[in-house]
Amino acid sequence: MKKTIMLKKNYEFKNVLTKGKYYSGKDIEAFILNNNKNVNYLGLAISVKASNAVIRNKIKRLIRENYTNLEENLKLGFSIVFLWKKKSKAEDANFYDIRKDIINILKKSEILEKKEEVL
RNA sequence: AGAGUAAAUUGAGUAGUUGCUGGUACAAUUCGAAAGGAUGUACGAGAGGAAAGUCCGGGCUCCAUAGAGCAAAGAUGCUAGAUAACGUCUAGUGAGGGAAACCUUAAGGAAAGUGCAACAGAAAAUAACCGCCAAAUUUUUGGUAAGGGUGAAAAGGUAAGGUAAGAGCUUACCGCUAAUAUGGUGACAUAUUAGGUCAAUGUAAACCCCAUCUGGAGCAACACCUAAAUAAGAAGAUUAAGUCUGCUCGACAACUUCUUAAAUUGCGUGGCUUGAGAUAUAUAGUAAUAUAUAUCCUAGAUAAAUGACUACUUUAAACGACAGAACCCGGCUUAUAGAUUUACUUGUUAU
RNA sequence: GCGGAUGUGGCGGAACUGGCAGACGCGCUGGUCUUAGGAACCAGUGCCAACGGCGUGGAGGUUCGAGUCCUCUCAUCCGCA
């Protein structure tokens with residue numbers, strides 16, 4: 001199993017956020033951009049206003065955990081940035097809700113390959 | 001018992017599956033321009049009492065091993081001790097609060113100087129409106145500071161004597177100031193004596209004075225490796241500019257500053273965790289703390305590691321409080337569900 | 001990590017050396033005018049247990065007296081590397 005590669009630089013994020021396609025879930029928003037490489041990049045960003053550091057960290061972990069579970073079933077060559085919606089309550093974040101959201105988003109964008117086995 | 005005061009501890013645990021971070025050992029393979037990194041297996045490790053706020057103090061790094069003088073700016077302010085240091089802590093003193101255990105306290109100087117004290121009031125600091133008394137006699141002069149009224153504050157308080165009326169004018173008691181003695185390291189306390197020239201309010205968290213202290217910037221510091229680039233114009237140059245408060249002196253260094261254009265690479269390396277370290281015992285001390293001995297090594301990330309699922313145990317309750325290390329320590333402050341322990345007080349309530 | 005600013009009615013925004021808190025503008029409510037609306041003019045407008053008391057983000061303190069001075073704290077915003 002390969003290690004997930006994170007987006008790091010600020011300009012990389014800006015690239016995805018401005019040029020990428022927007023998809024929306026219940027609590028999560030995603031921007032997806034086709035990069036012409038053979039790898040998938042993951043970016044996470046949660047605003048400071050959402051809540052304190054503990055809960056922000058927790059949401060990041062939950063999203064990353066779900067992503068790594070689904071990573072094998074994804075097509076290659078995309079940069080994905082997940083954002084947390086400002087309106088939704090950060091304290092109510094739950095593993096299963098986030099899983100549903102992410103699967104929804106990935107289905108919409110048609111990146112998921114074998115959706116039946118995952119579900 | 002209840003109520004209360006002070007101090008301290010804890011902040012669920014165990015096992016399994018899977019996943020993350022870095023460490024050690026072994027084995028080869030691979031990526032990259034290079035520095036350097038990645039992959040597999042095994043072993044053991046992996047957030048807090050506040051990691052927070054950034055309110056103080058120190059280490060460490062660079063600027064000269066951080067230098068001298070004057071000025072400016074800022075901080076602290078009862079005493080003694082502790083400490084690397086502090087605006088912190090401990091023990092006391094004075095003042096204030098509570099029935100008590102106990103708690104609070106920026107607590108130097110107002111005859112060094114300047115300012116301010118609205119409204120009211122005669123007057124807000126060399127006091128005289130009404131009043132009281134005397135003299136002249138109908139509105140003047142002099143004495144006075146009891147009483148009235150104003151105010152947050154009006155020139156020690158109460159009582160007696162005294163007087164034209166009054167007044168520390170005199171006396172007693174209380175307060176105040178000074179000296180001496182005793183006790184204490186000291187702040188200060190107690191006692192005695194003297195002082196009525198014991199007129200001169202409050203405010204220094206108003207300026208200020210006095211004493212003590214403070215050089216600047218911060219791990220995005222700083223050092224190293226690697227890639228690319230090092231062009232043009234202007235100004236200054238041993239008398240300059242720079243080293244981040246100003247001036248003067250002194251030291252360093254050989255180039256410095258500004259503008260425009262281009263570039264500013266890296267899953268780079270070190271700094272990075274053994275330290276004013278932790279735990280236990282003994283000794284000294286009322287205590288903060290210090291000393292000695294023994295044992296232990298306990299996160300080191302960088303778009304940033306602890307997650308997910310399951311079972312069991314303890315529990316009143318286990319999904320449940322506040323909350324995430326970012327160079328490291330000592331404090332302070334603020335947030336905090338629940339549980340536990342120790343010492344002490346008891347007016348009122350109940351027995 | 002370092003540094004700075006702000007907080008006053010429903011909103012903007014005054015109040016200087018501490019001395020009557022809410023000037024002024026907008027909004028809102030009621031009235032006049034109008035067939036009706038707008039505009040204009042007039043009056044009112046912080047809260048409460050209401051002849052009094054409490055109110056300048058919060059908690060303390062200094063002072064006779066604090067929006068103003070001091071300490072702690074909360075929230076918001078901004079800058080630098």
# chains A, B, ... in the order shown; residues from 1 in each chain; ligands from 1

$ interface_residues --of "chain A" --to "chain B" --cutoff "8 Å" --atoms "only C-alpha atoms (C1' of nucleotides)" --output "PyMOL selection string"
chain A and resi 6-9+43-44+53-54+57+61-62+65+95

$ write_last_selection --atoms "C-alpha atoms" --output "PDB file, in the first residue's frame"
ATOM      1  CA  MET A   6      -0.202  15.596   1.090  1.00  0.00           C
ATOM      2  CA  LEU A   7      -0.434  18.986  -0.501  1.00  0.00           C
ATOM      3  CA  LYS A   8       1.860  21.392   1.305  1.00  0.00           C
ATOM      4  CA  LYS A   9       2.578  24.666  -0.387  1.00  0.00           C
ATOM      5  CA  GLY A  43      -5.158  18.476   1.093  1.00  0.00           C
ATOM      6  CA  LEU A  44      -7.023  19.331   4.276  1.00  0.00           C
ATOM      7  CA  ALA A  53      -7.351  23.060  18.060  1.00  0.00           C
ATOM      8  CA  VAL A  54      -8.403  19.745  19.580  1.00  0.00           C
ATOM      9  CA  ASN A  57      -7.259  17.988  14.761  1.00  0.00           C
ATOM     10  CA  ARG A  61      -7.840  12.680  11.521  1.00  0.00           C
ATOM     11  CA  LEU A  62     -11.297  11.434  10.698  1.00  0.00           C
ATOM     12  CA  GLU A  65      -8.651   7.935   8.021  1.00  0.00           C
ATOM     13  CA  PHE A  95     -16.745   8.808  11.792  1.00  0.00           C
TER      14      PHE A  95
END

$ residues_around --residues "G19 of chain C" --least-positions-apart "4" --cutoff "12 Å" --atoms "only C-alpha atoms (C1' of nucleotides)" --output "list in words"
C116, A117, A118 and C119 of chain B; C64, G65, A66 and U68 of chain C

$ write_last_selection --atoms "C-alpha atoms (C1' of nucleotides)" --output "compact mmCIF listing (two decimals), in the first residue's frame"
# COMPACT_ATOMS: atom_id res chain seq x y z
C1' C B 116 -5.78 69.72 40.77
C1' A B 117 -10.06 69.75 44.51
C1' A B 118 -16.52 70.45 39.81
C1' C B 119 -21.35 72.01 42.20
C1' C C 64 -15.08 62.66 47.71
C1' G C 65 -16.21 61.28 42.56
C1' A C 66 -14.01 56.95 36.99
C1' U C 68 -11.55 58.83 31.33

$ residues_around --residues "G57 of chain C" --least-positions-apart "6" --cutoff "9 Å" --atoms "only C-alpha atoms (C1' of nucleotides)" --output "ChimeraX atom specification"
/C:7,74-75

$ write_last_selection --atoms "C-alpha atoms (C1' of nucleotides)" --output "mmCIF file, in the first residue's frame"
data_model
loop_
_atom_site.group_PDB
_atom_site.id
_atom_site.type_symbol
_atom_site.label_atom_id
_atom_site.label_comp_id
_atom_site.auth_asym_id
_atom_site.auth_seq_id
_atom_site.Cartn_x
_atom_site.Cartn_y
_atom_site.Cartn_z
ATOM 1 C "C1'" G C 7 -14.918 47.876 22.507
ATOM 2 C "C1'" C C 74 -12.796 38.417 27.417
ATOM 3 C "C1'" A C 75 -13.939 39.354 22.390
#

$ select_by_dssp --residues "segment 14-96 of chain A" --states "alpha helix (DSSP H)" --output "number ranges by chain"
A: 14-19, 53-70, 95-96

$ write_last_selection --atoms "C-alpha atoms" --output "CSV table (one decimal), in the first residue's frame"
chain,number,residue,atom,x,y,z
A,14,LYS,CA,-4.7,28.0,-4.4
A,15,ASN,CA,-4.4,26.2,-7.6
A,16,VAL,CA,-6.8,23.5,-6.6
A,17,LEU,CA,-9.3,25.9,-5.0
A,18,THR,CA,-9.5,28.3,-7.9
A,19,LYS,CA,-9.3,25.9,-10.9
A,53,ALA,CA,-7.4,23.1,18.1
A,54,VAL,CA,-8.4,19.7,19.6
A,55,ILE,CA,-11.5,19.4,17.5
A,56,ARG,CA,-9.9,20.7,14.4
A,57,ASN,CA,-7.3,18.0,14.8
A,58,LYS,CA,-9.9,15.4,15.3
A,59,ILE,CA,-11.8,16.3,12.1
A,60,LYS,CA,-8.5,16.1,10.2
A,61,ARG,CA,-7.8,12.7,11.5
A,62,LEU,CA,-11.3,11.4,10.7
A,63,ILE,CA,-11.2,12.7,7.1
A,64,ARG,CA,-7.7,11.3,6.6
A,65,GLU,CA,-8.7,7.9,8.0
A,66,ASN,CA,-11.6,7.7,5.7
A,67,TYR,CA,-9.6,8.8,2.7
A,68,THR,CA,-6.9,6.2,3.3
A,69,ASN,CA,-9.6,3.5,3.6
A,70,LEU,CA,-11.0,4.5,0.2
A,95,PHE,CA,-16.7,8.8,11.8
A,96,TYR,CA,-19.8,7.4,10.0

$ closest_residue --among "B:A101, B:A317, B:A187, B:A50" --to "U79 of chain B" --atoms "only C-alpha atoms (C1' of nucleotides)"
B:A187

$ residues_around --residues "segment 240-257 of chain B" --least-positions-apart "3" --cutoff "8 Å" --atoms "only C-alpha atoms (C1' of nucleotides)" --output "list in words"
C63, A64, G67, A68, A71, A72, A73, G216, A235, G236 and A237 of chain B

$ decode --residues "segment 15-74 of chain C" --atoms "C-alpha atoms (C1' of nucleotides)" --output "mmCIF file, in the first residue's frame"
data_model
loop_
_atom_site.group_PDB
_atom_site.id
_atom_site.type_symbol
_atom_site.label_atom_id
_atom_site.label_comp_id
_atom_site.auth_asym_id
_atom_site.auth_seq_id
_atom_site.Cartn_x
_atom_site.Cartn_y
_atom_site.Cartn_z
ATOM 1 C "C1'" A C 15 -17.975 63.454 25.551
ATOM 2 C "C1'" C C 16 -10.214 67.238 25.927
ATOM 3 C "C1'" U C 17 -7.220 68.728 31.798
ATOM 4 C "C1'" G C 18 -11.198 62.833 36.137
ATOM 5 C "C1'" G C 19 -16.795 66.716 37.721
ATOM 6 C "C1'" C C 20 -24.732 66.543 34.818
ATOM 7 C "C1'" A C 21 -23.119 60.172 30.233
ATOM 8 C "C1'" G C 22 -25.576 59.415 25.980
ATOM 9 C "C1'" A C 23 -24.122 65.631 21.917
ATOM 10 C "C1'" C C 24 -25.047 65.094 16.556
ATOM 11 C "C1'" G C 25 -26.848 62.056 12.495
ATOM 12 C "C1'" C C 26 -29.626 57.612 10.870
ATOM 13 C "C1'" G C 27 -33.457 54.373 12.316
ATOM 14 C "C1'" C C 28 -38.019 53.314 15.168
ATOM 15 C "C1'" U C 29 -42.894 54.906 17.626
ATOM 16 C "C1'" G C 30 -46.929 58.470 17.980
ATOM 17 C "C1'" G C 31 -49.202 62.971 16.145
ATOM 18 C "C1'" U C 32 -50.175 67.175 12.420
ATOM 19 C "C1'" C C 33 -50.875 67.688 7.137
ATOM 20 C "C1'" U C 34 -53.175 64.368 2.804
ATOM 21 C "C1'" U C 35 -58.616 60.887 -0.383
ATOM 22 C "C1'" A C 36 -54.074 57.684 0.439
ATOM 23 C "C1'" G C 37 -48.687 57.388 0.416
ATOM 24 C "C1'" G C 38 -44.100 60.168 0.308
ATOM 25 C "C1'" A C 39 -41.778 64.652 1.840
ATOM 26 C "C1'" A C 40 -42.044 68.330 5.648
ATOM 27 C "C1'" C C 41 -43.051 69.828 10.781
ATOM 28 C "C1'" C C 42 -43.842 68.565 16.247
ATOM 29 C "C1'" A C 43 -43.096 65.140 20.348
ATOM 30 C "C1'" G C 44 -40.972 60.701 22.324
ATOM 31 C "C1'" U C 45 -37.214 56.687 22.252
ATOM 32 C "C1'" G C 46 -31.176 52.514 27.551
ATOM 33 C "C1'" C C 47 -33.017 48.984 31.758
ATOM 34 C "C1'" C C 48 -35.748 47.853 36.469
ATOM 35 C "C1'" A C 49 -39.367 45.872 41.461
ATOM 36 C "C1'" A C 50 -39.798 53.257 38.871
ATOM 37 C "C1'" C C 51 -40.457 60.639 43.243
ATOM 38 C "C1'" G C 52 -35.530 55.893 43.540
ATOM 39 C "C1'" G C 53 -31.739 52.697 41.732
ATOM 40 C "C1'" C C 54 -28.620 50.270 37.847
ATOM 41 C "C1'" G C 55 -26.149 51.156 33.288
ATOM 42 C "C1'" U C 56 -19.690 52.883 28.766
ATOM 43 C "C1'" G C 57 -17.197 44.347 26.859
ATOM 44 C "C1'" G C 58 -16.365 41.721 32.102
ATOM 45 C "C1'" A C 59 -14.108 41.584 37.379
ATOM 46 C "C1'" G C 60 -11.506 44.277 41.010
ATOM 47 C "C1'" G C 61 -8.852 48.707 42.813
ATOM 48 C "C1'" U C 62 -7.164 54.223 43.511
ATOM 49 C "C1'" U C 63 -10.213 58.700 44.402
ATOM 50 C "C1'" C C 64 -15.082 62.659 47.707
ATOM 51 C "C1'" G C 65 -16.210 61.280 42.559
ATOM 52 C "C1'" A C 66 -14.013 56.948 36.992
ATOM 53 C "C1'" G C 67 -16.387 56.360 29.939
ATOM 54 C "C1'" U C 68 -11.545 58.829 31.326
ATOM 55 C "C1'" C C 69 -6.310 56.599 35.945
ATOM 56 C "C1'" C C 70 -4.219 51.394 37.429
ATOM 57 C "C1'" U C 71 -4.262 45.793 37.453
ATOM 58 C "C1'" C C 72 -6.262 41.278 35.601
ATOM 59 C "C1'" U C 73 -9.398 39.247 31.940
ATOM 60 C "C1'" C C 74 -12.796 38.417 27.417
#
